[in-house]
Each structure stands twice: as C-alpha cells, then as structure tokens.
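Dumped structure.tsv below, it's TSV, C-alpha atoms and all ligand atoms:
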chain	number	residue	atom	x	y	z
D	45	MET	CA	-47.52	-16.32	-46.26
D	46	TRP	CA	-50.39	-17.78	-44.25
D	47	ASN	CA	-50.59	-16.11	-40.83
D	48	GLY	CA	-53.41	-18.02	-39.19
D	49	ILE	CA	-57.17	-17.65	-39.12
D	50	ILE	CA	-57.43	-14.34	-37.24
D	51	ALA	CA	-55.29	-12.53	-39.81
D	52	LYS	CA	-57.14	-14.15	-42.70
D	53	TYR	CA	-60.69	-13.57	-41.47
D	54	LYS	CA	-60.15	-10.37	-39.48
D	55	ASP	CA	-63.33	-8.81	-40.90
D	56	PHE	CA	-65.33	-11.36	-38.93
D	57	PHE	CA	-63.38	-11.13	-35.68
D	58	ASP	CA	-63.25	-8.29	-33.20
D	59	ILE	CA	-59.47	-8.28	-32.95
D	60	LYS	CA	-57.56	-5.37	-34.37
D	61	ASP	CA	-54.46	-5.74	-36.50
D	62	GLU	CA	-52.10	-4.01	-34.17
D	63	GLU	CA	-53.11	-6.02	-31.14
D	64	LYS	CA	-51.04	-8.99	-30.13
D	65	ILE	CA	-52.28	-12.15	-31.79
D	66	ILE	CA	-51.30	-15.56	-30.43
D	67	THR	CA	-51.20	-17.85	-33.41
D	68	LEU	CA	-49.55	-21.09	-34.48
D	69	ASN	CA	-50.54	-20.35	-38.09
D	70	GLU	CA	-53.49	-22.71	-37.73
D	71	GLY	CA	-56.15	-23.19	-40.41
D	72	ASN	CA	-55.83	-23.28	-44.21
D	73	THR	CA	-56.37	-27.04	-44.09
D	74	PRO	CA	-56.96	-28.90	-47.36
D	75	LEU	CA	-60.35	-29.87	-48.73
D	76	ILE	CA	-59.65	-33.21	-50.36
D	77	PRO	CA	-62.05	-34.81	-52.87
D	78	ALA	CA	-62.81	-38.40	-51.75
D	79	LYS	CA	-63.39	-39.79	-55.23
D	80	ASN	CA	-63.12	-43.47	-54.28
D	81	ILE	CA	-65.59	-43.37	-51.40
D	82	GLY	CA	-67.86	-40.97	-53.31
D	83	GLU	CA	-68.10	-43.45	-56.18
D	84	MET	CA	-68.66	-46.33	-53.76
D	85	LEU	CA	-71.60	-44.40	-52.37
D	86	GLY	CA	-73.34	-44.03	-55.70
D	87	GLY	CA	-71.71	-40.92	-57.11
D	88	ILE	CA	-71.93	-38.29	-54.38
D	89	ASN	CA	-69.30	-35.54	-54.48
D	90	LEU	CA	-67.65	-36.12	-51.14
D	91	TYR	CA	-65.02	-33.68	-49.86
D	92	LEU	CA	-62.89	-34.15	-46.77
D	93	LYS	CA	-61.98	-31.11	-44.69
D	94	TYR	CA	-58.85	-32.53	-43.13
D	95	GLU	CA	-58.52	-30.73	-39.82
D	96	GLY	CA	-55.87	-33.17	-38.65
D	97	LEU	CA	-53.41	-30.87	-40.45
D	98	ASN	CA	-53.85	-28.01	-38.03
D	99	THR	CA	-50.71	-27.25	-36.03
D	100	THR	CA	-51.53	-29.45	-33.04
D	101	GLY	CA	-53.38	-31.98	-35.20
D	102	SER	CA	-57.01	-31.03	-34.60
D	103	PHE	CA	-59.63	-28.37	-35.32
D	104	LYS	CA	-59.32	-27.07	-31.76
D	105	ASP	CA	-56.51	-24.71	-32.85
D	106	ARG	CA	-59.02	-22.50	-34.71
D	107	GLY	CA	-60.82	-21.68	-31.50
D	108	MET	CA	-57.75	-21.68	-29.30
D	109	THR	CA	-55.97	-18.88	-31.22
D	110	MET	CA	-58.99	-16.65	-30.48
D	111	ALA	CA	-59.46	-17.73	-26.86
D	112	VAL	CA	-55.79	-17.38	-25.94
D	113	THR	CA	-55.38	-14.09	-27.82
D	114	LYS	CA	-58.31	-12.66	-25.86
D	115	ALA	CA	-57.04	-14.13	-22.58
D	116	VAL	CA	-53.68	-12.41	-23.09
D	117	GLN	CA	-55.31	-9.11	-24.05
D	118	GLU	CA	-57.48	-9.26	-20.95
D	119	GLY	CA	-54.39	-9.74	-18.77
D	120	SER	CA	-54.97	-13.38	-17.82
D	121	ARG	CA	-51.98	-15.32	-16.46
D	122	ALA	CA	-53.39	-18.80	-16.79
D	123	ILE	CA	-55.88	-20.88	-18.76
D	124	ILE	CA	-57.79	-24.01	-17.78
D	125	CYS	CA	-59.87	-26.63	-19.60
D	126	ALA	CA	-61.44	-30.05	-19.29
D	127	SER	CA	-60.70	-32.27	-22.24
D	128	THR	CA	-61.03	-35.62	-23.92
D	129	GLY	CA	-57.56	-34.85	-25.29
D	130	ASN	CA	-57.48	-32.50	-28.24
D	131	THR	CA	-58.55	-29.35	-26.43
D	132	SER	CA	-55.86	-30.00	-23.82
D	133	ALA	CA	-53.18	-30.42	-26.49
D	134	SER	CA	-54.25	-27.25	-28.23
D	135	ALA	CA	-54.64	-25.19	-25.05
D	136	ALA	CA	-51.21	-26.33	-23.86
D	137	ALA	CA	-49.55	-25.37	-27.16
D	138	TYR	CA	-51.09	-21.89	-27.35
D	139	ALA	CA	-50.33	-21.30	-23.66
D	140	ALA	CA	-46.71	-22.23	-24.36
D	141	LYS	CA	-46.59	-19.74	-27.23
D	142	ALA	CA	-48.19	-17.01	-25.11
D	143	GLY	CA	-46.18	-17.71	-21.96
D	144	LEU	CA	-49.28	-18.53	-19.89
D	145	LYS	CA	-49.75	-21.29	-17.36
D	146	CYS	CA	-52.11	-24.04	-18.50
D	147	TYR	CA	-54.12	-26.51	-16.42
D	148	VAL	CA	-55.89	-29.41	-18.11
D	149	LEU	CA	-58.29	-31.85	-16.46
D	150	ILE	CA	-58.64	-35.15	-18.28
D	151	PRO	CA	-60.80	-38.24	-17.68
D	152	ASN	CA	-58.50	-40.79	-16.04
D	153	ASN	CA	-57.10	-43.37	-18.47
D	154	LYS	CA	-59.49	-42.42	-21.23
D	155	ILE	CA	-57.51	-40.14	-23.48
D	156	ALA	CA	-55.37	-41.14	-26.40
D	157	LEU	CA	-51.66	-41.35	-25.60
D	158	GLY	CA	-50.61	-38.98	-28.38
D	159	LYS	CA	-52.78	-36.20	-26.99
D	160	LEU	CA	-51.51	-36.74	-23.45
D	161	ALA	CA	-47.92	-36.67	-24.71
D	162	GLN	CA	-48.61	-33.37	-26.45
D	163	ALA	CA	-50.09	-31.69	-23.36
D	164	ILE	CA	-47.20	-32.87	-21.19
D	165	LEU	CA	-44.48	-31.79	-23.60
D	166	TYR	CA	-46.07	-28.39	-24.31
D	167	GLY	CA	-45.71	-27.89	-20.58
D	168	ALA	CA	-49.25	-27.99	-19.22
D	169	GLU	CA	-50.11	-29.10	-15.73
D	170	VAL	CA	-52.01	-32.31	-16.51
D	171	ILE	CA	-54.59	-33.28	-13.86
D	172	PRO	CA	-56.29	-36.65	-14.41
D	173	VAL	CA	-59.63	-36.98	-12.58
D	174	GLU	CA	-61.52	-40.06	-11.44
D	175	GLY	CA	-64.48	-39.30	-13.63
D	176	ASN	CA	-65.52	-38.56	-17.18
D	177	PHE	CA	-65.31	-35.42	-19.32
D	178	ASP	CA	-68.60	-34.07	-18.00
D	179	ASP	CA	-67.32	-34.30	-14.40
D	180	ALA	CA	-64.08	-32.56	-15.36
D	181	LEU	CA	-65.97	-29.79	-17.17
D	182	ARG	CA	-68.10	-29.14	-14.09
D	183	ILE	CA	-64.96	-28.72	-11.97
D	184	VAL	CA	-63.17	-26.34	-14.34
D	185	ARG	CA	-66.31	-24.19	-14.67
D	186	GLU	CA	-66.43	-23.85	-10.89
D	187	ILE	CA	-62.76	-22.92	-10.67
D	188	ALA	CA	-62.90	-20.45	-13.58
D	189	ALA	CA	-65.95	-18.75	-12.04
D	190	GLU	CA	-63.66	-17.49	-9.27
D	191	GLY	CA	-61.86	-15.35	-11.84
D	192	LYS	CA	-58.22	-16.37	-11.39
D	193	VAL	CA	-57.89	-18.51	-14.51
D	194	THR	CA	-59.52	-18.24	-17.92
D	195	LEU	CA	-61.69	-21.10	-19.11
D	196	VAL	CA	-60.88	-22.14	-22.69
D	197	ASN	CA	-63.47	-24.85	-23.23
D	198	SER	CA	-65.97	-24.08	-25.95
D	199	ILE	CA	-68.27	-22.29	-23.49
D	200	ASN	CA	-65.71	-19.52	-23.87
D	201	PRO	CA	-67.44	-17.58	-26.69
D	202	TYR	CA	-64.15	-16.78	-28.44
D	203	ARG	CA	-63.51	-20.48	-29.02
D	204	LEU	CA	-66.62	-20.89	-31.12
D	205	LEU	CA	-65.96	-17.61	-32.93
D	206	GLY	CA	-62.57	-18.90	-34.05
D	207	GLN	CA	-64.00	-22.27	-35.04
D	208	ARG	CA	-66.38	-20.51	-37.43
D	209	SER	CA	-63.31	-20.12	-39.67
D	210	GLY	CA	-63.69	-23.78	-40.66
D	211	ALA	CA	-66.98	-22.92	-42.33
D	212	TYR	CA	-65.51	-19.81	-44.00
D	213	GLU	CA	-62.69	-21.89	-45.47
D	214	VAL	CA	-65.01	-24.60	-46.78
D	215	CYS	CA	-67.14	-21.93	-48.50
D	216	ASP	CA	-64.04	-20.31	-50.01
D	217	GLN	CA	-62.69	-23.67	-51.17
D	218	LEU	CA	-65.95	-24.78	-52.81
D	219	GLU	CA	-67.04	-21.32	-53.95
D	220	GLY	CA	-70.16	-21.73	-51.86
D	221	LYS	CA	-71.31	-24.92	-53.59
D	222	ILE	CA	-72.03	-27.05	-50.58
D	223	ASP	CA	-75.23	-29.00	-50.00
D	224	TYR	CA	-74.46	-30.92	-46.80
D	225	LEU	CA	-71.96	-30.66	-43.97
D	226	SER	CA	-71.25	-33.83	-42.00
D	227	ILE	CA	-69.53	-33.49	-38.63
D	228	PRO	CA	-68.89	-35.51	-35.45
D	229	VAL	CA	-70.64	-34.22	-32.32
D	230	GLY	CA	-69.20	-34.43	-28.80
D	231	ASN	CA	-69.50	-31.34	-26.63
D	232	ALA	CA	-71.41	-29.92	-29.64
D	233	GLY	CA	-69.31	-26.78	-30.05
D	234	ASN	CA	-68.03	-27.44	-33.54
D	235	ILE	CA	-71.38	-28.13	-35.21
D	236	SER	CA	-72.66	-24.92	-33.59
D	237	ALA	CA	-69.62	-22.96	-34.79
D	238	TYR	CA	-69.87	-24.24	-38.37
D	239	TRP	CA	-73.55	-23.33	-38.54
D	240	ALA	CA	-72.84	-19.83	-37.21
D	241	GLY	CA	-69.99	-19.52	-39.72
D	242	PHE	CA	-72.22	-20.46	-42.64
D	243	LYS	CA	-74.79	-17.93	-41.47
D	244	ASP	CA	-72.07	-15.23	-41.28
D	245	TYR	CA	-71.06	-15.92	-44.87
D	246	HIS	CA	-74.68	-15.99	-46.00
D	247	LYS	CA	-75.32	-12.63	-44.36
D	248	ALA	CA	-72.16	-11.18	-45.91
D	249	GLY	CA	-73.39	-12.25	-49.36
D	250	LYS	CA	-70.57	-14.80	-49.78
D	251	LEU	CA	-72.81	-17.88	-49.64
D	252	GLU	CA	-76.04	-18.18	-51.59
D	253	LYS	CA	-77.58	-21.26	-50.04
D	254	LEU	CA	-77.00	-22.53	-46.50
D	255	PRO	CA	-76.02	-26.21	-46.29
D	256	VAL	CA	-77.93	-28.90	-44.41
D	257	MET	CA	-76.14	-29.86	-41.19
D	258	LEU	CA	-75.59	-33.56	-40.43
D	259	GLY	CA	-74.19	-34.35	-36.98
D	260	PHE	CA	-73.08	-37.76	-35.72
D	261	GLN	CA	-72.64	-39.02	-32.19
D	262	ALA	CA	-71.32	-42.42	-31.10
D	263	GLU	CA	-74.05	-44.86	-30.11
D	264	GLY	CA	-72.72	-45.14	-26.53
D	265	ALA	CA	-72.53	-41.36	-26.13
D	266	ALA	CA	-75.58	-40.05	-27.96
D	267	PRO	CA	-77.34	-37.62	-25.61
D	268	ILE	CA	-78.64	-35.28	-28.32
D	269	VAL	CA	-79.93	-38.12	-30.51
D	270	GLU	CA	-81.77	-39.73	-27.61
D	271	ASP	CA	-82.61	-36.46	-25.87
D	272	ARG	CA	-81.28	-37.61	-22.51
D	273	ILE	CA	-78.08	-37.23	-20.51
D	274	PHE	CA	-75.75	-40.24	-20.71
D	275	GLU	CA	-74.36	-40.69	-17.18
D	276	GLU	CA	-71.73	-43.18	-18.32
D	277	PRO	CA	-70.86	-42.47	-21.94
D	278	GLU	CA	-68.73	-45.12	-23.63
D	279	THR	CA	-67.21	-45.34	-27.10
D	280	VAL	CA	-63.98	-46.25	-28.85
D	281	ALA	CA	-64.04	-42.66	-30.14
D	282	THR	CA	-62.74	-41.24	-26.85
D	283	ALA	CA	-62.72	-37.67	-28.18
D	284	ILE	CA	-66.54	-37.67	-28.28
D	285	ARG	CA	-67.15	-39.71	-25.14
D	286	ILE	CA	-69.43	-37.04	-23.69
D	287	GLY	CA	-72.81	-37.51	-22.00
D	288	ASN	CA	-74.00	-33.95	-21.39
D	289	PRO	CA	-72.74	-31.57	-24.09
D	290	ALA	CA	-72.27	-27.91	-23.17
D	291	SER	CA	-73.57	-26.61	-26.52
D	292	TRP	CA	-76.54	-28.99	-26.65
D	293	ASP	CA	-79.14	-26.28	-27.42
D	294	LYS	CA	-77.01	-24.62	-30.08
D	295	ALA	CA	-76.49	-27.96	-31.85
D	296	VAL	CA	-80.21	-28.68	-31.84
D	297	ALA	CA	-80.82	-25.21	-33.28
D	298	ALA	CA	-78.23	-25.83	-36.04
D	299	ARG	CA	-79.94	-29.12	-36.86
D	300	ASP	CA	-83.44	-27.66	-36.93
D	301	GLU	CA	-82.70	-24.34	-38.66
D	302	SER	CA	-80.81	-26.16	-41.42
D	303	LYS	CA	-83.46	-28.91	-41.67
D	304	GLY	CA	-80.72	-31.41	-40.94
D	305	LEU	CA	-80.18	-34.41	-38.69
D	306	ILE	CA	-78.20	-35.53	-35.67
D	307	GLN	CA	-77.92	-39.30	-35.63
D	308	LYS	CA	-75.81	-42.00	-34.02
D	309	VAL	CA	-73.30	-44.45	-35.46
D	310	THR	CA	-71.92	-47.57	-33.80
D	311	ASP	CA	-68.29	-48.11	-32.81
D	312	ILE	CA	-68.05	-50.79	-35.49
D	313	GLU	CA	-69.30	-48.36	-38.14
D	314	ILE	CA	-66.83	-45.74	-36.89
D	315	LEU	CA	-63.87	-48.13	-37.11
D	316	GLU	CA	-64.94	-49.35	-40.55
D	317	ALA	CA	-65.14	-45.77	-41.78
D	318	GLN	CA	-61.72	-45.03	-40.28
D	319	LYS	CA	-60.27	-48.01	-42.15
D	320	LEU	CA	-61.96	-47.04	-45.39
D	321	LEU	CA	-60.65	-43.48	-45.23
D	322	ALA	CA	-57.13	-44.78	-44.77
D	323	SER	CA	-57.22	-47.65	-47.27
D	324	ARG	CA	-59.24	-45.96	-50.05
D	325	GLU	CA	-58.37	-42.29	-49.67
D	326	GLY	CA	-54.97	-42.29	-47.96
D	327	ILE	CA	-56.18	-40.29	-44.98
D	328	PHE	CA	-55.57	-41.36	-41.40
D	329	VAL	CA	-57.95	-39.87	-38.87
D	330	GLU	CA	-58.69	-40.62	-35.25
D	331	PRO	CA	-61.86	-42.64	-34.54
D	332	ALA	CA	-64.05	-39.66	-33.52
D	333	SER	CA	-63.36	-37.98	-36.84
D	334	ALA	CA	-64.47	-41.06	-38.76
D	335	ALA	CA	-67.97	-40.66	-37.27
D	336	SER	CA	-68.66	-38.05	-39.97
D	337	ILE	CA	-67.89	-40.61	-42.70
D	338	ALA	CA	-69.71	-43.44	-40.93
D	339	GLY	CA	-72.72	-41.12	-40.91
D	340	VAL	CA	-72.43	-40.26	-44.60
D	341	MET	CA	-72.20	-43.98	-45.42
D	342	LYS	CA	-75.29	-44.72	-43.38
D	343	LEU	CA	-77.37	-41.92	-44.89
D	344	SER	CA	-76.20	-42.78	-48.35
D	345	LYS	CA	-77.33	-46.41	-47.93
D	346	GLU	CA	-80.70	-45.12	-46.76
D	347	GLY	CA	-81.00	-43.11	-49.99
D	348	TYR	CA	-80.91	-39.76	-48.16
D	349	LEU	CA	-77.91	-38.42	-50.10
D	350	GLN	CA	-78.38	-38.23	-53.84
D	351	LYS	CA	-75.90	-38.45	-56.69
D	352	GLY	CA	-74.30	-35.18	-57.65
D	353	LYS	CA	-74.73	-33.50	-54.26
D	354	ASN	CA	-71.74	-31.77	-52.67
D	355	ILE	CA	-71.06	-33.14	-49.22
D	356	VAL	CA	-68.28	-31.94	-46.96
D	357	ALA	CA	-67.22	-34.22	-44.11
D	358	VAL	CA	-65.15	-32.58	-41.38
D	359	LEU	CA	-62.29	-34.84	-40.30
D	360	THR	CA	-61.59	-33.29	-36.95
D	361	GLY	CA	-58.36	-34.93	-35.76
D	362	ASN	CA	-55.19	-36.65	-36.96
D	363	GLY	CA	-54.99	-40.45	-36.73
D	364	LEU	CA	-51.45	-40.29	-35.38
D	365	LYS	CA	-52.83	-39.06	-32.07
D	366	ASP	CA	-54.41	-42.42	-31.34
D	367	PRO	CA	-52.66	-45.32	-33.06
D	368	SER	CA	-53.83	-47.76	-30.36
D	369	VAL	CA	-56.84	-48.83	-32.43
D	370	VAL	CA	-54.60	-50.37	-35.08
D	371	SER	CA	-52.93	-53.20	-33.05
D	372	PRO	CA	-49.70	-53.20	-35.07
D	373	GLU	CA	-48.51	-56.48	-33.50
D	374	LYS	CA	-51.07	-58.30	-35.64
D	375	HIS	CA	-49.46	-56.95	-38.80
D	376	ILE	CA	-45.81	-57.34	-38.03
D	377	LYS	CA	-43.99	-60.57	-38.82
D	378	THR	CA	-40.29	-60.36	-39.37
D	379	TYR	CA	-38.66	-61.94	-42.42
D	380	GLY	CA	-35.04	-62.87	-42.88
D	381	VAL	CA	-32.76	-60.62	-44.92
D	382	LYS	CA	-33.44	-62.72	-48.01
D	383	THR	CA	-34.50	-61.12	-51.27
D	384	GLU	CA	-35.90	-64.38	-52.71
D	385	GLU	CA	-38.17	-64.98	-49.75
D	386	ILE	CA	-39.51	-61.41	-49.76
D	387	LYS	CA	-39.85	-61.42	-53.54
D	388	THR	CA	-41.98	-64.56	-53.34
D	389	LEU	CA	-44.19	-62.95	-50.74
D	390	ILE	CA	-44.73	-59.79	-52.83
D	391	TYR	CA	-45.26	-61.59	-56.15
D	392	ARG	CA	-47.68	-64.01	-54.57
D	393	SER	CA	-49.66	-61.07	-53.24
D	394	LEU	CA	-49.58	-59.43	-56.67
D	395	GLY	CA	-51.07	-62.61	-58.09
D	396	SER	CA	-48.00	-63.30	-60.23
D	397	ASP	CA	-45.36	-66.05	-60.23
D	398	GLN	CA	-42.60	-64.17	-62.03
G	1	LIG	N1	-63.60	-34.76	-33.05
G	1	LIG	C1	-62.52	-34.66	-32.28
G	1	LIG	C2	-61.26	-35.25	-32.78
G	1	LIG	C3	-62.60	-34.02	-31.01
G	1	LIG	O1	-61.52	-33.93	-30.26
G	1	LIG	C4	-63.83	-33.51	-30.59
G	1	LIG	C5	-63.97	-32.87	-29.28
G	1	LIG	C6	-64.93	-33.63	-31.46
G	1	LIG	C7	-64.78	-34.26	-32.67
G	1	LIG	C8	-66.27	-33.10	-31.11
G	1	LIG	O2	-66.32	-31.71	-31.20
G	1	LIG	O3	-66.97	-31.23	-28.87
G	1	LIG	O4	-67.11	-29.49	-30.63
G	1	LIG	O5	-68.68	-31.42	-30.62
G	1	LIG	N2	-63.06	-32.88	-28.40
G	1	LIG	C9	-63.12	-32.13	-27.14
G	1	LIG	C10	-61.79	-32.18	-26.43
G	1	LIG	C11	-64.29	-32.42	-26.29
G	1	LIG	O6	-61.75	-32.06	-25.20
G	1	LIG	O7	-60.77	-32.30	-27.09
G	1	LIG	P1	-67.33	-30.91	-30.28
Mind turning the file's structure into structure tokens?
Amino acid sequence: MWNGIIAKYKDFFDIKDEEKIITLNEGNTPLIPAKNIGEMLGGINLYLKYEGLNTTGSFKDRGMTMAVTKAVQEGSRAIICASTGNTSASAAAYAAKAGLKCYVLIPNNKIALGKLAQAILYGAEVIPVEGNFDDALRIVREIAAEGKVTLVNSINPYRLLGQRSGAYEVCDQLEGKIDYLSIPVGNAGNISAYWAGFKDYHKAGKLEKLPVMLGFQAEGAAPIVEDRIFEEPETVATAIRIGNPASWDKAVAARDESKGLIQKVTDIEILEAQKLLASREGIFVEPASAASIAGVMKLSKEGYLQKGKNIVAVLTGNGLKDPSVVSPEKHIKTYGVKTEEIKTLIYRSLGSDQ
C-alpha cells in the first residue's frame, strides 16, 4: 500500500511516524518513456514524470501534504495562498481532509475552469482579485504575517521540502541514471525543490552524478530569463503567468550550480508540444506542463541534447484541468445514425475503399 510521500521518504522529512500526517496518498507518479518523441528528436531517451496523476492533478500535492501536516501540528486553524490555480486546488483539498479553513486568492478571470471548480467544491473560500498572481501573493504574505492564518505558497519551507520527493522518485525510478531534468518555471519553487532533492540523494549516496537542470518560462512571462520583473505577464500557460517569482534566487542557483539553463519558449511552441504529447505519446497535460517538452524540442534542434542521454521532463499538471485550449466545437460534427455513412468516413480516412 502506498501511503503518500511523507511515509515513503520519512528519512528525509522531520515528521515522526506517530504524528498526525495529512495525506491524500499523493506521489508515486509514473515515469513514462516517450519513445516516439525521443526518436523524433534524434534518439534521446526521454522520460515523462507525469505529475498530472497526483490526487488533485498536479505536483502541488507533494508540497501540500507537508505544509498542511505542519500547519495542523502547529495548531493552525486556517491556511491561505495566492494561486494561478493548482496550488489553490491542492490547498483546498488538503484543508478539507484536515478540517481547516482555506482561503485562496486568484487572479481574476485568469485561471483554468477545472482548477476553480476544484477549489470551490473542496470547500475553499475563493477570492478573485483585480490583479495578477504577483499582486495576490503580496496580499497573502501581508495577511499571513499577522499570524492568524498559515501561508501555504512555496515560500512556506515545508512546501519545497515535500516537493523534493519528485526528485527522489525520479532517481529511484531511473536508478540514478539521469543526465538532464527539464521543468517549467513559474514561481520557481519546483525547480528549486528538484535541485535540492537531487542534492539530498547525492549526499545520501543514492545518486552518483547530479543532473543538469533545464528550466523553461513562457516568453510573455520570462523574468528569470530576461533578468527583469514582468509587470504584466501574459501567456496561454496561465499556471506560469508570473512576473516576479518568489524563489527567483534559488532557481538561478539551481541553474548555475548544475551548469544548466533557464530559457523561454513561445506560446505557439508550448501548444505544439502539448499537442505532440497527446497525439504521439497519449498524454494530456495542461499548457504550462508542455513548456518542459517545448524546451527539450528547442534544445534538441540546437544540438544541445545528444543521442543516448537520459532526459526527464516533469509534466506538472493534468490536461483535464484546462480543456479550453482544445476548442472542441471545431472537431464535432454530428452524423446520422447510419452505419454506411460512418463506415465510408472511417474507411476513407484509413485510405481504403472496402
Ligand atoms: N506547472 C504547473 C501546472 C503549475 O501549476 C505551476 C505553478 C508550475 C508549473 C510552475 O511551478 O511555480 O514551482 O515554478 N503553479 C502555481 C499555482 C504558481 O499557483 O498553482 P513553480
């Protein structure tokens, strides 16, 4: 029985067995070889860490189990966060499990409907603000500083501790044979957590060689790449529509210590990568997650990634959260209940007249 990431990796976390753990049995997500895309890109060994299969559909659950467990142990009655969607869904779910109140501030009209529906149904108090994620984060920091509610954004150190488990799992799954890790960057917590996780495993003698970290921001929200705050970030990948990331310095350190890169990809490249993942590998991710694949494709075309290298791309969130990018109306034409007519359509598409 899998009991969540705290139980599995308790040696790395300062939470004792007998203490109350708030878990939704998150983690243990599959590492899926992307043979078709890997071949397309000249024979790289590409693996997809599909975080969309966490309990609330994103990697945020790894950090939230830690943050909410600690909040409960410290006697907190309520948690609060700013969010582009996934953190709010995760916070709301763990708060529901723990019996805490949950307040989530979201950028008005800019979060995917699936994520909003989750936060509402899990029972959070959803507070849309006339501003972007960075504005919302500033407000929740101010409120949390007064000590009545616990902040569960990734500036809460327990969040990033829990998210290190993603790196532990990847190492376990590949027996330490990983050359590159590709990951989308928004508020820059996850890239920082993965790097710290790899360093933990290295120190513990479970990982011989540290991987090179490759982070990707959206072109319209690329503060780290351009080394400037984006006052009005804009991208189709709403999850990473962030102009002033909280873990900016940590992400730069991860990049530099690993001799890696943080680069930008365009919305068109992101949507193409999303389509490719679905149509060639059978994996549906939300746009932000596809930034990691768009980045791998770009670097591979530039000759940066060589044949035979092991590359893990973190696919941070489930595509079902944000189906709006698909425009189903374009694909749906209704046919009559007529076998002949439908048979003709299918056989024509198969290139056969039988
Ligand atoms: N991918 C997805 C699907 C996300 O939801 C996020 C962040 C990221 C990537 C970037 O991770 O912030 O650690 O660099 N979403 C946050 C939220 C900001 O509020 O849900 P990061």
Could you make a table, as a tab-separated table, of the residues of chain D that have an atom within 6 Å of an atom of ligand LIG 1 (chain G), each with its nearest atom pair and distance in Å to one decimal, counting all atoms listed in the file, in chain and number order?
residue	atom	partner	partner_atom	distance
D:Ser127	CA	G:LIG1	O6	3.1
D:Thr128	CA	G:LIG1	O6	3.9
D:Gly129	CA	G:LIG1	O7	4.5
D:Asn130	CA	G:LIG1	O7	3.5
D:Thr131	CA	G:LIG1	O7	3.8
D:Pro228	CA	G:LIG1	C7	5.1
D:Val229	CA	G:LIG1	O5	3.8
D:Gly230	CA	G:LIG1	O5	3.6
D:Asn231	CA	G:LIG1	O3	3.4
D:Ala232	CA	G:LIG1	O5	3.3
D:Gly233	CA	G:LIG1	O4	3.5
D:Asn234	CA	G:LIG1	O4	3.7
D:Ala283	CA	G:LIG1	O1	4.4
D:Ile284	CA	G:LIG1	C8	5.4
D:Ala332	CA	G:LIG1	N1	4.9
D:Ser333	CA	G:LIG1	N1	5.0
D:Thr360	CA	G:LIG1	C2	4.6
D:Gly361	CA	G:LIG1	C2	4.2
Do you know which residues lie at most 12 Å from (-62.8, -41.1, -11.7), with coordinates as in the file and all atoms listed in the file counted, and could you write them as a ChimeraX atom specification? /D:149-154,171-180,276
Close residues, D:Phe328 itself excluded, 7 Å, all atoms listed in the file, min 2 positions apart in chain, as a list in words: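 Final neighbour list, sorted by chain and number: Leu321, Ala322, Gly326, Glu330, Asn362 and Gly363 of chain D.
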Dump as a PyMOL selection string all residues having an atom at most 9 Å from (-60.1, -27.6, -48.4), computed in the file's coordinates with all atoms listed in the file. chain D and resi 72-77+91-94+213-214+216-218
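Residue nearest D:Leu254, chosen from D:Asp223, D:Asp271, D:Glu186, D:Glu384 and counting all atoms listed in the file: D:Asp223.
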Using all atoms listed in the file, the residue out of D:Met110, D:Ala140, D:Met341, D:Ala168 with shortest distance to D:Glu83 is D:Met341
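You can rank D:Gln307, D:Thr282, D:Thr109, D:Ser226 by their closest distance to D:Ser209 using all atoms listed in the file, and at the top of that list sits D:Thr109.
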With only C-alpha atoms as the atoms that count, which of D:Ser236, D:Asn200, D:Asn288, D:Ser323 lies nearest to D:Lys114?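 Comparing D:Ser236, D:Asn200, D:Asn288, D:Ser323 against D:Lys114, the winner is D:Asn200.
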Shortest contact to D:Asn69, candidates D:Ile50, D:Leu90, D:Ile337, D:Leu85, atoms counted only C-alpha atoms, goes to D:Ile50
Give the answer as one residue: which of D:Gly119, D:Gly158, D:Pro267, D:Gly210 has the shortest atom-to-atom distance to D:Gly191, using only C-alpha atoms?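 Of the candidates, the smallest distance to D:Gly191 is held by D:Gly119.
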Just how far from atom CA of D:Leu359 is atom CA of D:Gly101, in Å to one decimal?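 Separating atom CA of D:Gly101 from atom CA of D:Leu359 is a distance of 10.7 Å.
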Using Å and a single decimal, report how far atom CA of D:Met45 sits from atom CA of D:Val112. 22.0 Å
Shell of 10 Å around stretch 294-300 of chain D, only C-alpha atoms, local chain residues under 4 positions omitted, as a PyMOL selection string: chain D and resi 229+231-240+256-259+268-269+289-290+304-306
Can you measure atom CA of D:Ala335 to atom CA of D:Lys303 for me? One decimal in Å is fine.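 Distance between the two atoms: 19.9 Å.
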Within 10 Å of D:Asp105, counting only C-alpha atoms, which residues show up once you throw out same-chain ones fewer than 4 positions away? Write them as JSON, numbers by chain, please. {"D": [48, 49, 67, 68, 69, 70, 71, 95, 98, 99, 100, 101, 109, 110, 111, 130, 131, 133, 134, 135, 137, 138, 203, 206, 207]}
Counting only C-alpha atoms, what is within 9 Å of D:Phe242, bar same-chain residues fewer than 6 positions away, as a PyMOL selection string? chain D and resi 208+211-212+215+251+254-255
Can stretch 244-252 of chain D be brought up to N, CA, C and O atoms and written out as a compact mmCIF listing (two decimals), keeping the file's coordinate frame?
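The resulting part_7.txt:
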# COMPACT_ATOMS: atom_id res chain seq x y z
N ASP D 244 -72.86 -16.46 -41.07
CA ASP D 244 -72.07 -15.23 -41.28
C ASP D 244 -71.82 -15.00 -42.76
O ASP D 244 -71.98 -13.89 -43.27
N TYR D 245 -71.40 -16.06 -43.45
CA TYR D 245 -71.06 -15.92 -44.87
C TYR D 245 -72.30 -15.61 -45.71
O TYR D 245 -72.24 -14.85 -46.67
N HIS D 246 -73.40 -16.22 -45.31
CA HIS D 246 -74.68 -15.99 -46.00
C HIS D 246 -75.06 -14.51 -45.87
O HIS D 246 -75.39 -13.85 -46.85
N LYS D 247 -74.96 -14.03 -44.65
CA LYS D 247 -75.32 -12.63 -44.36
C LYS D 247 -74.40 -11.66 -45.12
O LYS D 247 -74.85 -10.61 -45.58
N ALA D 248 -73.14 -12.04 -45.24
CA ALA D 248 -72.16 -11.18 -45.91
C ALA D 248 -72.26 -11.30 -47.43
O ALA D 248 -71.47 -10.70 -48.17
N GLY D 249 -73.21 -12.10 -47.91
CA GLY D 249 -73.39 -12.25 -49.36
C GLY D 249 -72.34 -13.13 -50.02
O GLY D 249 -72.15 -13.11 -51.24
N LYS D 250 -71.61 -13.94 -49.21
CA LYS D 250 -70.57 -14.80 -49.78
C LYS D 250 -71.05 -16.23 -49.97
O LYS D 250 -70.30 -17.09 -50.41
N LEU D 251 -72.28 -16.51 -49.54
CA LEU D 251 -72.81 -17.88 -49.64
C LEU D 251 -74.30 -17.77 -49.97
O LEU D 251 -75.07 -17.20 -49.19
N GLU D 252 -74.65 -18.33 -51.14
CA GLU D 252 -76.04 -18.18 -51.59
C GLU D 252 -77.01 -19.02 -50.78
O GLU D 252 -78.01 -18.55 -50.28
